[in-house]
$ cat my_file.pdb   # PDB, C-alpha atoms
ATOM      1  CA  MET A   1      13.014  36.277 -60.673  1.00  0.00           C
ATOM      2  CA  ASP A   2      12.486  39.544 -58.796  1.00  0.00           C
ATOM      3  CA  PHE A   3      14.870  40.803 -56.117  1.00  0.00           C
ATOM      4  CA  MET A   4      13.972  43.849 -54.048  1.00  0.00           C
ATOM      5  CA  VAL A   5      16.092  45.285 -51.241  1.00  0.00           C
ATOM      6  CA  LEU A   6      14.720  47.529 -48.490  1.00  0.00           C
ATOM      7  CA  THR A   7      17.555  49.645 -47.143  1.00  0.00           C
ATOM      8  CA  LEU A   8      18.610  52.942 -45.585  1.00  0.00           C
ATOM      9  CA  PHE A   9      21.558  53.074 -48.016  1.00  0.00           C
ATOM     10  CA  PRO A  10      20.155  52.570 -51.536  1.00  0.00           C
ATOM     11  CA  GLU A  11      23.418  53.692 -53.160  1.00  0.00           C
ATOM     12  CA  LEU A  12      25.067  50.491 -51.904  1.00  0.00           C
ATOM     13  CA  VAL A  13      22.462  48.345 -53.610  1.00  0.00           C
ATOM     14  CA  SER A  14      22.124  50.337 -56.830  1.00  0.00           C
ATOM     15  CA  SER A  15      25.818  49.846 -57.577  1.00  0.00           C
ATOM     16  CA  PHE A  16      25.442  46.093 -57.072  1.00  0.00           C
ATOM     17  CA  PHE A  17      22.596  45.881 -59.595  1.00  0.00           C
ATOM     18  CA  GLU A  18      24.539  47.906 -62.173  1.00  0.00           C
ATOM     19  CA  HIS A  19      27.622  45.703 -62.556  1.00  0.00           C
ATOM     20  CA  GLY A  20      28.795  42.253 -63.575  1.00  0.00           C
ATOM     21  CA  MET A  21      26.687  39.136 -63.828  1.00  0.00           C
ATOM     22  CA  ILE A  22      23.719  40.711 -62.045  1.00  0.00           C
ATOM     23  CA  SER A  23      23.596  43.604 -64.497  1.00  0.00           C
ATOM     24  CA  ARG A  24      23.766  41.229 -67.483  1.00  0.00           C
ATOM     25  CA  GLY A  25      20.961  39.107 -66.024  1.00  0.00           C
ATOM     26  CA  ILE A  26      18.808  42.203 -65.623  1.00  0.00           C
ATOM     27  CA  GLU A  27      19.573  43.343 -69.181  1.00  0.00           C
ATOM     28  CA  LYS A  28      18.524  39.923 -70.511  1.00  0.00           C
ATOM     29  CA  GLY A  29      15.260  40.129 -68.577  1.00  0.00           C
ATOM     30  CA  LEU A  30      16.076  36.974 -66.602  1.00  0.00           C
ATOM     31  CA  ILE A  31      16.030  38.732 -63.236  1.00  0.00           C
ATOM     32  CA  LYS A  32      14.854  42.059 -61.863  1.00  0.00           C
ATOM     33  CA  GLY A  33      16.682  44.178 -59.309  1.00  0.00           C
ATOM     34  CA  ASP A  34      15.055  46.980 -57.364  1.00  0.00           C
ATOM     35  CA  TYR A  35      15.495  48.763 -54.042  1.00  0.00           C
ATOM     36  CA  ILE A  36      13.423  50.902 -51.710  1.00  0.00           C
ATOM     37  CA  ASN A  37      14.717  53.567 -49.346  1.00  0.00           C
ATOM     38  CA  ILE A  38      13.125  52.850 -45.962  1.00  0.00           C
ATOM     39  CA  ARG A  39      13.696  56.460 -44.929  1.00  0.00           C
ATOM     40  CA  ASN A  40      11.146  57.580 -47.531  1.00  0.00           C
ATOM     41  CA  PHE A  41       8.458  56.036 -45.319  1.00  0.00           C
ATOM     42  CA  SER A  42       9.356  57.836 -42.108  1.00  0.00           C
ATOM     43  CA  CYS A  43       6.519  59.543 -40.254  1.00  0.00           C
ATOM     44  CA  ASP A  44       8.012  62.994 -39.552  1.00  0.00           C
ATOM     45  CA  ARG A  45       9.740  65.846 -41.344  1.00  0.00           C
ATOM     46  CA  HIS A  46      13.113  64.775 -39.963  1.00  0.00           C
ATOM     47  CA  ASN A  47      12.850  61.386 -41.709  1.00  0.00           C
ATOM     48  CA  THR A  48      13.355  59.578 -38.405  1.00  0.00           C
ATOM     49  CA  VAL A  49      13.712  55.800 -38.730  1.00  0.00           C
ATOM     50  CA  ASP A  50      15.143  54.876 -35.317  1.00  0.00           C
ATOM     51  CA  ASP A  51      14.507  55.488 -31.626  1.00  0.00           C
ATOM     52  CA  ARG A  52      15.795  54.545 -28.173  1.00  0.00           C
ATOM     53  CA  PRO A  53      15.066  50.988 -26.971  1.00  0.00           C
ATOM     54  CA  TYR A  54      12.442  50.474 -24.276  1.00  0.00           C
ATOM     55  CA  GLY A  55      14.078  49.173 -21.112  1.00  0.00           C
ATOM     56  CA  GLY A  56      17.295  51.047 -21.800  1.00  0.00           C
ATOM     57  CA  GLY A  57      20.474  49.864 -23.445  1.00  0.00           C
ATOM     58  CA  SER A  58      23.036  51.079 -25.944  1.00  0.00           C
ATOM     59  CA  GLY A  59      22.339  52.036 -29.513  1.00  0.00           C
ATOM     60  CA  MET A  60      19.136  52.717 -31.375  1.00  0.00           C
ATOM     61  CA  ILE A  61      16.379  50.480 -32.763  1.00  0.00           C
ATOM     62  CA  MET A  62      14.746  50.775 -36.181  1.00  0.00           C
ATOM     63  CA  LYS A  63      11.132  51.883 -35.792  1.00  0.00           C
ATOM     64  CA  ILE A  64       8.274  49.667 -36.918  1.00  0.00           C
ATOM     65  CA  GLU A  65       6.199  52.342 -38.730  1.00  0.00           C
ATOM     66  CA  PRO A  66       8.607  53.091 -41.623  1.00  0.00           C
ATOM     67  CA  LEU A  67       9.599  49.424 -41.888  1.00  0.00           C
ATOM     68  CA  GLN A  68       5.988  48.292 -42.091  1.00  0.00           C
ATOM     69  CA  ALA A  69       5.140  50.948 -44.672  1.00  0.00           C
ATOM     70  CA  ALA A  70       8.179  50.056 -46.791  1.00  0.00           C
ATOM     71  CA  ILE A  71       7.441  46.321 -46.652  1.00  0.00           C
ATOM     72  CA  LEU A  72       3.771  46.807 -47.538  1.00  0.00           C
ATOM     73  CA  HIS A  73       4.777  49.042 -50.427  1.00  0.00           C
ATOM     74  CA  ALA A  74       7.195  46.370 -51.657  1.00  0.00           C
ATOM     75  CA  LYS A  75       4.505  43.693 -51.341  1.00  0.00           C
ATOM     76  CA  LYS A  76       2.140  45.841 -53.357  1.00  0.00           C
ATOM     77  CA  LYS A  77       4.740  46.055 -56.133  1.00  0.00           C
ATOM     78  CA  ALA A  78       5.499  42.347 -55.925  1.00  0.00           C
ATOM     79  CA  PRO A  79       2.565  40.598 -54.180  1.00  0.00           C
ATOM     80  CA  GLU A  80       3.899  37.057 -54.688  1.00  0.00           C
ATOM     81  CA  SER A  81       7.308  37.816 -53.218  1.00  0.00           C
ATOM     82  CA  ARG A  82       8.636  36.370 -49.978  1.00  0.00           C
ATOM     83  CA  VAL A  83       9.844  38.770 -47.266  1.00  0.00           C
ATOM     84  CA  VAL A  84      13.306  37.829 -46.002  1.00  0.00           C
ATOM     85  CA  LEU A  85      14.941  39.533 -43.043  1.00  0.00           C
ATOM     86  CA  MET A  86      18.741  39.519 -42.957  1.00  0.00           C
ATOM     87  CA  SER A  87      19.655  38.568 -39.394  1.00  0.00           C
ATOM     88  CA  PRO A  88      22.513  36.736 -37.620  1.00  0.00           C
ATOM     89  CA  GLN A  89      19.734  34.858 -35.800  1.00  0.00           C
ATOM     90  CA  GLY A  90      18.321  33.491 -39.046  1.00  0.00           C
ATOM     91  CA  ASN A  91      18.747  30.113 -40.702  1.00  0.00           C
ATOM     92  CA  ARG A  92      22.217  29.618 -42.157  1.00  0.00           C
ATOM     93  CA  PHE A  93      22.203  30.243 -45.906  1.00  0.00           C
ATOM     94  CA  SER A  94      23.775  27.486 -47.996  1.00  0.00           C
ATOM     95  CA  GLN A  95      24.207  26.346 -51.583  1.00  0.00           C
ATOM     96  CA  GLU A  96      21.321  23.932 -51.017  1.00  0.00           C
ATOM     97  CA  ARG A  97      19.044  26.799 -49.941  1.00  0.00           C
ATOM     98  CA  ALA A  98      20.207  28.826 -52.937  1.00  0.00           C
ATOM     99  CA  PHE A  99      19.092  25.996 -55.258  1.00  0.00           C
ATOM    100  CA  GLU A 100      15.738  25.761 -53.479  1.00  0.00           C
ATOM    101  CA  LEU A 101      15.034  29.471 -53.824  1.00  0.00           C
ATOM    102  CA  ALA A 102      16.166  29.522 -57.463  1.00  0.00           C
ATOM    103  CA  LEU A 103      13.882  26.587 -58.311  1.00  0.00           C
ATOM    104  CA  GLN A 104      10.918  28.145 -56.512  1.00  0.00           C
ATOM    105  CA  ASN A 105      11.383  31.223 -58.685  1.00  0.00           C
ATOM    106  CA  GLN A 106       9.463  33.282 -56.116  1.00  0.00           C
ATOM    107  CA  GLY A 107      10.366  36.940 -55.780  1.00  0.00           C
ATOM    108  CA  LEU A 108      12.346  37.934 -52.698  1.00  0.00           C
ATOM    109  CA  ILE A 109      12.069  41.130 -50.666  1.00  0.00           C
ATOM    110  CA  PHE A 110      15.129  41.620 -48.459  1.00  0.00           C
ATOM    111  CA  VAL A 111      14.779  43.711 -45.306  1.00  0.00           C
ATOM    112  CA  CYS A 112      18.157  45.130 -44.262  1.00  0.00           C
ATOM    113  CA  GLY A 113      18.398  46.187 -40.651  1.00  0.00           C
ATOM    114  CA  ARG A 114      20.780  48.768 -39.171  1.00  0.00           C
ATOM    115  CA  TYR A 115      21.786  50.116 -35.761  1.00  0.00           C
ATOM    116  CA  GLU A 116      21.282  47.705 -32.816  1.00  0.00           C
ATOM    117  CA  GLY A 117      18.402  45.933 -34.490  1.00  0.00           C
ATOM    118  CA  ILE A 118      14.776  46.329 -35.478  1.00  0.00           C
ATOM    119  CA  ASP A 119      11.532  46.431 -33.529  1.00  0.00           C
ATOM    120  CA  GLU A 120      10.566  42.849 -32.618  1.00  0.00           C
ATOM    121  CA  ARG A 121       7.065  43.333 -34.025  1.00  0.00           C
ATOM    122  CA  VAL A 122       8.526  43.402 -37.524  1.00  0.00           C
ATOM    123  CA  TYR A 123       9.659  39.786 -37.063  1.00  0.00           C
ATOM    124  CA  THR A 124       6.308  38.570 -35.839  1.00  0.00           C
ATOM    125  CA  THR A 125       3.976  40.278 -38.309  1.00  0.00           C
ATOM    126  CA  LEU A 126       5.801  41.093 -41.537  1.00  0.00           C
ATOM    127  CA  VAL A 127       8.617  38.599 -42.164  1.00  0.00           C
ATOM    128  CA  ASP A 128       8.334  35.183 -43.847  1.00  0.00           C
ATOM    129  CA  GLU A 129      11.887  34.014 -43.207  1.00  0.00           C
ATOM    130  CA  GLU A 130      15.114  35.079 -41.501  1.00  0.00           C
ATOM    131  CA  LEU A 131      18.428  34.278 -43.178  1.00  0.00           C
ATOM    132  CA  SER A 132      22.026  34.562 -42.016  1.00  0.00           C
ATOM    133  CA  ILE A 133      25.246  34.212 -43.991  1.00  0.00           C
ATOM    134  CA  GLY A 134      27.327  33.294 -40.936  1.00  0.00           C
ATOM    135  CA  ASP A 135      27.826  33.457 -37.210  1.00  0.00           C
ATOM    136  CA  TYR A 136      29.026  37.043 -37.045  1.00  0.00           C
ATOM    137  CA  VAL A 137      27.454  40.486 -36.826  1.00  0.00           C
ATOM    138  CA  MET A 138      27.658  43.158 -39.527  1.00  0.00           C
ATOM    139  CA  THR A 139      26.686  46.825 -39.413  1.00  0.00           C
ATOM    140  CA  GLY A 140      23.788  46.226 -41.796  1.00  0.00           C
ATOM    141  CA  GLY A 141      22.042  43.622 -43.918  1.00  0.00           C
ATOM    142  CA  GLU A 142      22.897  45.085 -47.314  1.00  0.00           C
ATOM    143  CA  LEU A 143      26.079  43.116 -47.950  1.00  0.00           C
ATOM    144  CA  ALA A 144      24.452  39.916 -46.731  1.00  0.00           C
ATOM    145  CA  SER A 145      21.451  40.406 -49.027  1.00  0.00           C
ATOM    146  CA  MET A 146      23.773  40.966 -51.986  1.00  0.00           C
ATOM    147  CA  VAL A 147      25.647  37.751 -51.182  1.00  0.00           C
ATOM    148  CA  ILE A 148      22.389  35.804 -51.249  1.00  0.00           C
ATOM    149  CA  ILE A 149      21.113  37.490 -54.423  1.00  0.00           C
ATOM    150  CA  ASP A 150      24.395  36.720 -56.180  1.00  0.00           C
ATOM    151  CA  ALA A 151      24.309  33.059 -55.105  1.00  0.00           C
ATOM    152  CA  ILE A 152      20.714  32.595 -56.280  1.00  0.00           C
ATOM    153  CA  ALA A 153      20.911  34.607 -59.498  1.00  0.00           C
ATOM    154  CA  ARG A 154      23.833  32.605 -60.905  1.00  0.00           C
ATOM    155  CA  LEU A 155      21.692  29.453 -60.659  1.00  0.00           C
ATOM    156  CA  ILE A 156      18.934  30.871 -62.855  1.00  0.00           C
ATOM    157  CA  PRO A 157      19.316  29.494 -66.405  1.00  0.00           C
ATOM    158  CA  GLY A 158      20.925  31.985 -68.764  1.00  0.00           C
ATOM    159  CA  VAL A 159      22.340  34.343 -66.140  1.00  0.00           C
ATOM    160  CA  LEU A 160      25.762  32.713 -66.290  1.00  0.00           C
ATOM    161  CA  GLY A 161      27.464  32.316 -69.643  1.00  0.00           C
ATOM    162  CA  SER A 162      27.723  28.547 -69.208  1.00  0.00           C
ATOM    163  CA  CYS A 163      25.301  26.145 -67.520  1.00  0.00           C
ATOM    164  CA  GLU A 164      28.270  23.944 -66.617  1.00  0.00           C
ATOM    165  CA  SER A 165      29.721  26.705 -64.446  1.00  0.00           C
ATOM    166  CA  CYS A 166      27.173  26.346 -61.667  1.00  0.00           C
ATOM    167  CA  ARG A 167      26.955  22.548 -61.994  1.00  0.00           C
ATOM    168  CA  SER A 168      30.635  22.212 -61.071  1.00  0.00           C
ATOM    169  CA  ASP A 169      30.551  24.789 -58.259  1.00  0.00           C
ATOM    170  CA  SER A 170      31.812  23.935 -54.807  1.00  0.00           C
ATOM    171  CA  PHE A 171      29.090  22.547 -52.479  1.00  0.00           C
ATOM    172  CA  THR A 172      26.795  21.606 -55.382  1.00  0.00           C
ATOM    173  CA  ASP A 173      27.200  17.906 -54.555  1.00  0.00           C
ATOM    174  CA  ASN A 174      28.825  18.258 -51.127  1.00  0.00           C
ATOM    175  CA  ARG A 175      32.224  18.400 -52.799  1.00  0.00           C
ATOM    176  CA  LEU A 176      34.643  21.272 -53.290  1.00  0.00           C
ATOM    177  CA  GLU A 177      35.479  22.230 -56.861  1.00  0.00           C
ATOM    178  CA  TYR A 178      38.551  20.671 -58.466  1.00  0.00           C
ATOM    179  CA  ALA A 179      41.769  22.658 -59.017  1.00  0.00           C
ATOM    180  CA  GLN A 180      41.731  24.984 -62.037  1.00  0.00           C
ATOM    181  CA  TYR A 181      44.574  26.168 -64.299  1.00  0.00           C
ATOM    182  CA  THR A 182      44.968  28.508 -67.252  1.00  0.00           C
ATOM    183  CA  ARG A 183      47.831  29.900 -69.366  1.00  0.00           C
ATOM    184  CA  PRO A 184      50.798  30.122 -69.093  1.00  0.00           C
ATOM    185  CA  GLU A 185      51.584  26.413 -69.047  1.00  0.00           C
ATOM    186  CA  GLU A 186      54.497  27.081 -66.675  1.00  0.00           C
ATOM    187  CA  PHE A 187      54.942  29.897 -64.176  1.00  0.00           C
ATOM    188  CA  GLU A 188      58.022  30.310 -61.983  1.00  0.00           C
ATOM    189  CA  GLY A 189      58.720  26.598 -62.213  1.00  0.00           C
ATOM    190  CA  LEU A 190      55.153  25.556 -61.443  1.00  0.00           C
ATOM    191  CA  LYS A 191      53.631  23.515 -64.274  1.00  0.00           C
ATOM    192  CA  VAL A 192      50.076  22.662 -65.213  1.00  0.00           C
ATOM    193  CA  PRO A 193      49.400  18.931 -64.640  1.00  0.00           C
ATOM    194  CA  GLU A 194      50.221  17.128 -67.868  1.00  0.00           C
ATOM    195  CA  ILE A 195      46.954  15.228 -67.918  1.00  0.00           C
ATOM    196  CA  LEU A 196      45.062  18.499 -68.444  1.00  0.00           C
ATOM    197  CA  LEU A 197      47.076  19.052 -71.622  1.00  0.00           C
ATOM    198  CA  SER A 198      46.523  15.516 -72.946  1.00  0.00           C
ATOM    199  CA  GLY A 199      43.168  16.074 -74.631  1.00  0.00           C
ATOM    200  CA  ASN A 200      41.939  12.789 -73.138  1.00  0.00           C
ATOM    201  CA  HIS A 201      38.514  13.762 -71.813  1.00  0.00           C
ATOM    202  CA  GLU A 202      37.981  10.643 -69.707  1.00  0.00           C
ATOM    203  CA  LYS A 203      41.355  10.958 -67.987  1.00  0.00           C
ATOM    204  CA  ILE A 204      40.715  14.646 -67.393  1.00  0.00           C
ATOM    205  CA  ARG A 205      37.300  13.850 -65.874  1.00  0.00           C
ATOM    206  CA  LEU A 206      38.832  11.318 -63.488  1.00  0.00           C
ATOM    207  CA  TRP A 207      41.657  13.719 -62.563  1.00  0.00           C
ATOM    208  CA  ARG A 208      39.145  16.440 -61.754  1.00  0.00           C
ATOM    209  CA  LYS A 209      37.046  14.070 -59.677  1.00  0.00           C
ATOM    210  CA  LYS A 210      40.155  13.017 -57.750  1.00  0.00           C
ATOM    211  CA  SER A 211      41.178  16.646 -57.273  1.00  0.00           C
ATOM    212  CA  SER A 212      37.691  17.503 -55.996  1.00  0.00           C
ATOM    213  CA  LEU A 213      37.723  14.633 -53.504  1.00  0.00           C
ATOM    214  CA  GLN A 214      41.242  15.453 -52.292  1.00  0.00           C
ATOM    215  CA  ARG A 215      40.428  19.112 -51.738  1.00  0.00           C
ATOM    216  CA  THR A 216      37.194  18.221 -49.935  1.00  0.00           C
ATOM    217  CA  PHE A 217      38.966  15.672 -47.725  1.00  0.00           C
ATOM    218  CA  LEU A 218      41.743  18.097 -46.790  1.00  0.00           C
ATOM    219  CA  LYS A 219      39.744  21.318 -46.469  1.00  0.00           C
ATOM    220  CA  ARG A 220      36.159  20.321 -45.606  1.00  0.00           C
ATOM    221  CA  PRO A 221      36.009  16.660 -44.525  1.00  0.00           C
ATOM    222  CA  ASP A 222      32.619  17.348 -42.941  1.00  0.00           C
ATOM    223  CA  LEU A 223      31.109  17.610 -46.428  1.00  0.00           C
ATOM    224  CA  LEU A 224      32.004  14.003 -47.221  1.00  0.00           C
ATOM    225  CA  GLN A 225      29.847  12.901 -44.295  1.00  0.00           C
ATOM    226  CA  LYS A 226      26.786  14.566 -45.805  1.00  0.00           C
ATOM    227  CA  GLY A 227      26.739  12.536 -49.018  1.00  0.00           C
ATOM    228  CA  CYS A 228      27.460   8.898 -49.803  1.00  0.00           C
ATOM    229  CA  LEU A 229      30.520   8.016 -51.843  1.00  0.00           C
ATOM    230  CA  ASP A 230      29.776   6.283 -55.134  1.00  0.00           C
ATOM    231  CA  ALA A 231      31.822   3.297 -56.323  1.00  0.00           C
ATOM    232  CA  GLU A 232      34.117   5.443 -58.465  1.00  0.00           C
ATOM    233  CA  GLU A 233      34.826   7.852 -55.609  1.00  0.00           C
ATOM    234  CA  LYS A 234      35.609   4.983 -53.243  1.00  0.00           C
ATOM    235  CA  LYS A 235      38.057   3.580 -55.792  1.00  0.00           C
ATOM    236  CA  ILE A 236      39.733   6.973 -56.248  1.00  0.00           C
ATOM    237  CA  LEU A 237      40.122   7.529 -52.504  1.00  0.00           C
ATOM    238  CA  LYS A 238      41.431   3.985 -52.004  1.00  0.00           C
ATOM    239  CA  GLN A 239      44.077   4.508 -54.690  1.00  0.00           C
ATOM    240  CA  TRP A 240      45.012   7.851 -53.162  1.00  0.00           C
ATOM    241  CA  GLY A 241      45.351   6.197 -49.770  1.00  0.00           C
ATOM    242  CA  GLN A 242      47.683   3.593 -51.264  1.00  0.00           C
ATOM    243  CA  GLU A 243      49.780   6.359 -52.855  1.00  0.00           C
ATOM    244  CA  LEU A 244      50.068   8.158 -49.510  1.00  0.00           C
ATOM    245  CA  GLU A 245      50.964   4.911 -47.758  1.00  0.00           C
ATOM    246  CA  SER A 246      53.762   4.217 -50.219  1.00  0.00           C
ATOM    247  CA  LEU A 247      55.131   7.735 -49.692  1.00  0.00           C
ATOM    248  CA  VAL A 248      55.205   7.211 -45.915  1.00  0.00           C
ATOM    249  CA  LYS A 249      57.089   3.943 -46.311  1.00  0.00           C
ATOM    250  CA  GLU A 250      59.696   5.665 -48.454  1.00  0.00           C
TER
END
$ encode --input "my_file.pdb" --output "structure tokens"
Amino acid sequence: MDFMVLTLFPELVSSFFEHGMISRGIEKGLIKGDYINIRNFSCDRHNTVDDRPYGGGSGMIMKIEPLQAAILHAKKKAPESRVVLMSPQGNRFSQERAFELALQNQGLIFVCGRYEGIDERVYTTLVDEELSIGDYVMTGGELASMVIIDAIARLIPGVLGSCESCRSDSFTDNRLEYAQYTRPEEFEGLKVPEILLSGNHEKIRLWRKKSSLQRTFLKRPDLLQKGCLDAEEKKILKQWGQELESLVKE
């Protein structure tokens, strides 16, 4: 899958593509990472990419000419790719959307705005989709685009070391991931749950399912409303409720 980022700060993006999981995925040929400096498509010798907003107001607006030229250049390099604008006004990105984009396996061209925004005509003529990573405003779209690339790339088979890693991720089934432990077995009086040391795979599976449900109930109860509880989950939650009730009576 191809990822291309259009930015005024290519050094931010190049570092992202050169490290960690993303770098290993690129080395394996499972994904491609590229970036384009929007400033290279400016129309004057001063490399101007912004101008004052019509109607007045604070800040500067990114000009349409260099953005259009950069996007068209990116589309020429990757004609089947989808143009995505990073914007707080866009659709909220989620794990579900990450799965959809990973399965589509369609290249993505990320347009990263700066300053007070971009010329509205970019939205209406050049962009296929707007995405947001949350209800807040950042100084640019680079970090947001990297968040989305990371979330999608790890779902592509072979990018992660283990296929099970992404299957047990939080939000994959509208549940938060179960609690995790590693060595040492005891740290400052805090011990690893004995059941995880038992070697009994079925008991460990049930413990993890219970842990996942408990964490979801306590931290993100809204997620439980999105998906139906199966018979085993209902039984686990009922038993947990009985345990809590007995503690209250004590």
$ closest_residue --input "my_file.pdb" --among "A:Arg39, A:Lys210, A:Lys234, A:Arg175" --to "Leu8 of chain A" --atoms "only C-alpha atoms"
A:Arg39
$ closest_residue --input "my_file.pdb" --among "A:Phe17, A:Arg154, A:Glu96, A:Arg215" --to "Gln180 of chain A" --atoms "all atoms listed in the file"
A:Arg215
$ closest_residue --input "my_file.pdb" --among "A:Asn200, A:Arg208, A:Arg82, A:Val192" --to "Ala179 of chain A" --atoms "only C-alpha atoms"
A:Arg208
$ closest_residue --input "my_file.pdb" --among "A:Gln225, A:Ser132, A:Ser81, A:Thr124" --to "Gly107 of chain A" --atoms "all atoms listed in the file"
A:Ser81
$ resolve_selection --input "my_file.pdb" --expression "the PyMOL selection byres ((chain A and resi 72) around 12)" --output "PyMOL selection string"
chain A and resi 6+36+38+41+64-71+73-79+81-83+109+111+122+125-127
$ residues_around --input "my_file.pdb" --residues "Ile118 of chain A" --least-positions-apart "3" --cutoff "8 Å" --atoms "all atoms listed in the file" --output "MDAnalysis selection string"
chainID A and resid 61:64 113:115 122
$ axis_aligned_box --input "my_file.pdb" --around "segment 182-192 of chain A" --padding-each-side "8 Å" --output "lines of an AutoDock Vina configuration file"
center_x = 51.8
center_y = 26.5
center_z = -65.4
size_x = 29.8
size_y = 23.6
size_z = 23.9
$ atom_distance --input "my_file.pdb" --atom1 "atom CA of Gly199 of chain A" --atom2 "atom CA of Ser246 of chain A"
29.1 Å
$ closest_residue --input "my_file.pdb" --among "A:Leu197, A:Ala102, A:Met86, A:Val49" --to "Ser145 of chain A" --atoms "all atoms listed in the file"
A:Met86
$ residues_around --input "my_file.pdb" --residues "Ser87 of chain A" --least-positions-apart "5" --cutoff "9 Å" --atoms "only C-alpha atoms" --output "ChimeraX atom specification"
/A:112-113,117,130-133,137,141,144
$ residues_near_point --input "my_file.pdb" --point "(10.5, 28.6, -57.2)" --cutoff "12 Å" --atoms "only C-alpha atoms" --output "list of chain:residue names"
A:Met1, A:Asp2, A:Glu80, A:Ser81, A:Arg82, A:Arg97, A:Ala98, A:Phe99, A:Glu100, A:Leu101, A:Ala102, A:Leu103, A:Gln104, A:Asn105, A:Gln106, A:Gly107, A:Leu108, A:Ile152, A:Leu155, A:Ile156
$ atom_distance --input "my_file.pdb" --atom1 "atom CA of Glu177 of chain A" --atom2 "atom CA of Asp222 of chain A"
15.0 Å
$ atom_distance --input "my_file.pdb" --atom1 "atom CA of Tyr35 of chain A" --atom2 "atom CA of Phe110 of chain A"
9.1 Å
$ decode --input "my_file.pdb" --residues "segment 218-236 of chain A" --atoms "N, CA and C atoms" --output "PDB file, in the first residue's frame"
ATOM      1  N   LEU A 218     -15.293  -0.080  32.680  1.00  0.00           N
ATOM      2  CA  LEU A 218     -14.850   0.983  33.573  1.00  0.00           C
ATOM      3  C   LEU A 218     -14.336   2.217  32.833  1.00  0.00           C
ATOM      4  N   LYS A 219     -13.679   1.999  31.687  1.00  0.00           N
ATOM      5  CA  LYS A 219     -13.036   3.109  30.990  1.00  0.00           C
ATOM      6  C   LYS A 219     -13.832   3.634  29.795  1.00  0.00           C
ATOM      7  N   ARG A 220     -14.482   2.743  29.057  1.00  0.00           N
ATOM      8  CA  ARG A 220     -15.216   3.148  27.853  1.00  0.00           C
ATOM      9  C   ARG A 220     -16.532   2.377  27.750  1.00  0.00           C
ATOM     10  N   PRO A 221     -17.455   2.590  28.683  1.00  0.00           N
ATOM     11  CA  PRO A 221     -18.723   1.852  28.642  1.00  0.00           C
ATOM     12  C   PRO A 221     -19.511   2.076  27.361  1.00  0.00           C
ATOM     13  N   ASP A 222     -19.246   3.194  26.680  1.00  0.00           N
ATOM     14  CA  ASP A 222     -19.959   3.472  25.429  1.00  0.00           C
ATOM     15  C   ASP A 222     -19.673   2.426  24.361  1.00  0.00           C
ATOM     16  N   LEU A 223     -18.489   1.803  24.436  1.00  0.00           N
ATOM     17  CA  LEU A 223     -18.130   0.788  23.441  1.00  0.00           C
ATOM     18  C   LEU A 223     -19.011  -0.449  23.548  1.00  0.00           C
ATOM     19  N   LEU A 224     -19.419  -0.783  24.772  1.00  0.00           N
ATOM     20  CA  LEU A 224     -20.250  -1.967  24.975  1.00  0.00           C
ATOM     21  C   LEU A 224     -21.620  -1.799  24.322  1.00  0.00           C
ATOM     22  N   GLN A 225     -22.040  -0.562  24.136  1.00  0.00           N
ATOM     23  CA  GLN A 225     -23.338  -0.300  23.522  1.00  0.00           C
ATOM     24  C   GLN A 225     -23.296  -0.464  22.004  1.00  0.00           C
ATOM     25  N   LYS A 226     -22.086  -0.489  21.448  1.00  0.00           N
ATOM     26  CA  LYS A 226     -21.950  -0.590  19.999  1.00  0.00           C
ATOM     27  C   LYS A 226     -22.037  -2.031  19.499  1.00  0.00           C
ATOM     28  N   GLY A 227     -21.687  -2.989  20.373  1.00  0.00           N
ATOM     29  CA  GLY A 227     -21.689  -4.382  19.955  1.00  0.00           C
ATOM     30  C   GLY A 227     -22.434  -5.245  20.949  1.00  0.00           C
ATOM     31  N   CYS A 228     -23.117  -6.261  20.453  1.00  0.00           N
ATOM     32  CA  CYS A 228     -23.882  -7.152  21.329  1.00  0.00           C
ATOM     33  C   CYS A 228     -22.954  -8.041  22.136  1.00  0.00           C
ATOM     34  N   LEU A 229     -23.362  -8.335  23.349  1.00  0.00           N
ATOM     35  CA  LEU A 229     -22.618  -9.262  24.202  1.00  0.00           C
ATOM     36  C   LEU A 229     -22.972 -10.689  23.809  1.00  0.00           C
ATOM     37  N   ASP A 230     -21.958 -11.548  23.662  1.00  0.00           N
ATOM     38  CA  ASP A 230     -22.259 -12.954  23.410  1.00  0.00           C
ATOM     39  C   ASP A 230     -22.556 -13.649  24.738  1.00  0.00           C
ATOM     40  N   ALA A 231     -22.955 -14.901  24.674  1.00  0.00           N
ATOM     41  CA  ALA A 231     -23.376 -15.639  25.870  1.00  0.00           C
ATOM     42  C   ALA A 231     -22.251 -15.718  26.899  1.00  0.00           C
ATOM     43  N   GLU A 232     -21.029 -15.938  26.423  1.00  0.00           N
ATOM     44  CA  GLU A 232     -19.894 -16.054  27.339  1.00  0.00           C
ATOM     45  C   GLU A 232     -19.622 -14.733  28.039  1.00  0.00           C
ATOM     46  N   GLU A 233     -19.714 -13.634  27.300  1.00  0.00           N
ATOM     47  CA  GLU A 233     -19.486 -12.314  27.893  1.00  0.00           C
ATOM     48  C   GLU A 233     -20.550 -11.987  28.928  1.00  0.00           C
ATOM     49  N   LYS A 234     -21.794 -12.316  28.629  1.00  0.00           N
ATOM     50  CA  LYS A 234     -22.881 -12.088  29.587  1.00  0.00           C
ATOM     51  C   LYS A 234     -22.631 -12.858  30.882  1.00  0.00           C
ATOM     52  N   LYS A 235     -22.172 -14.093  30.748  1.00  0.00           N
ATOM     53  CA  LYS A 235     -21.883 -14.927  31.912  1.00  0.00           C
ATOM     54  C   LYS A 235     -20.752 -14.327  32.735  1.00  0.00           C
ATOM     55  N   ILE A 236     -19.710 -13.845  32.055  1.00  0.00           N
ATOM     56  CA  ILE A 236     -18.559 -13.257  32.741  1.00  0.00           C
ATOM     57  C   ILE A 236     -18.977 -12.005  33.507  1.00  0.00           C
TER      58      ILE A 236
END
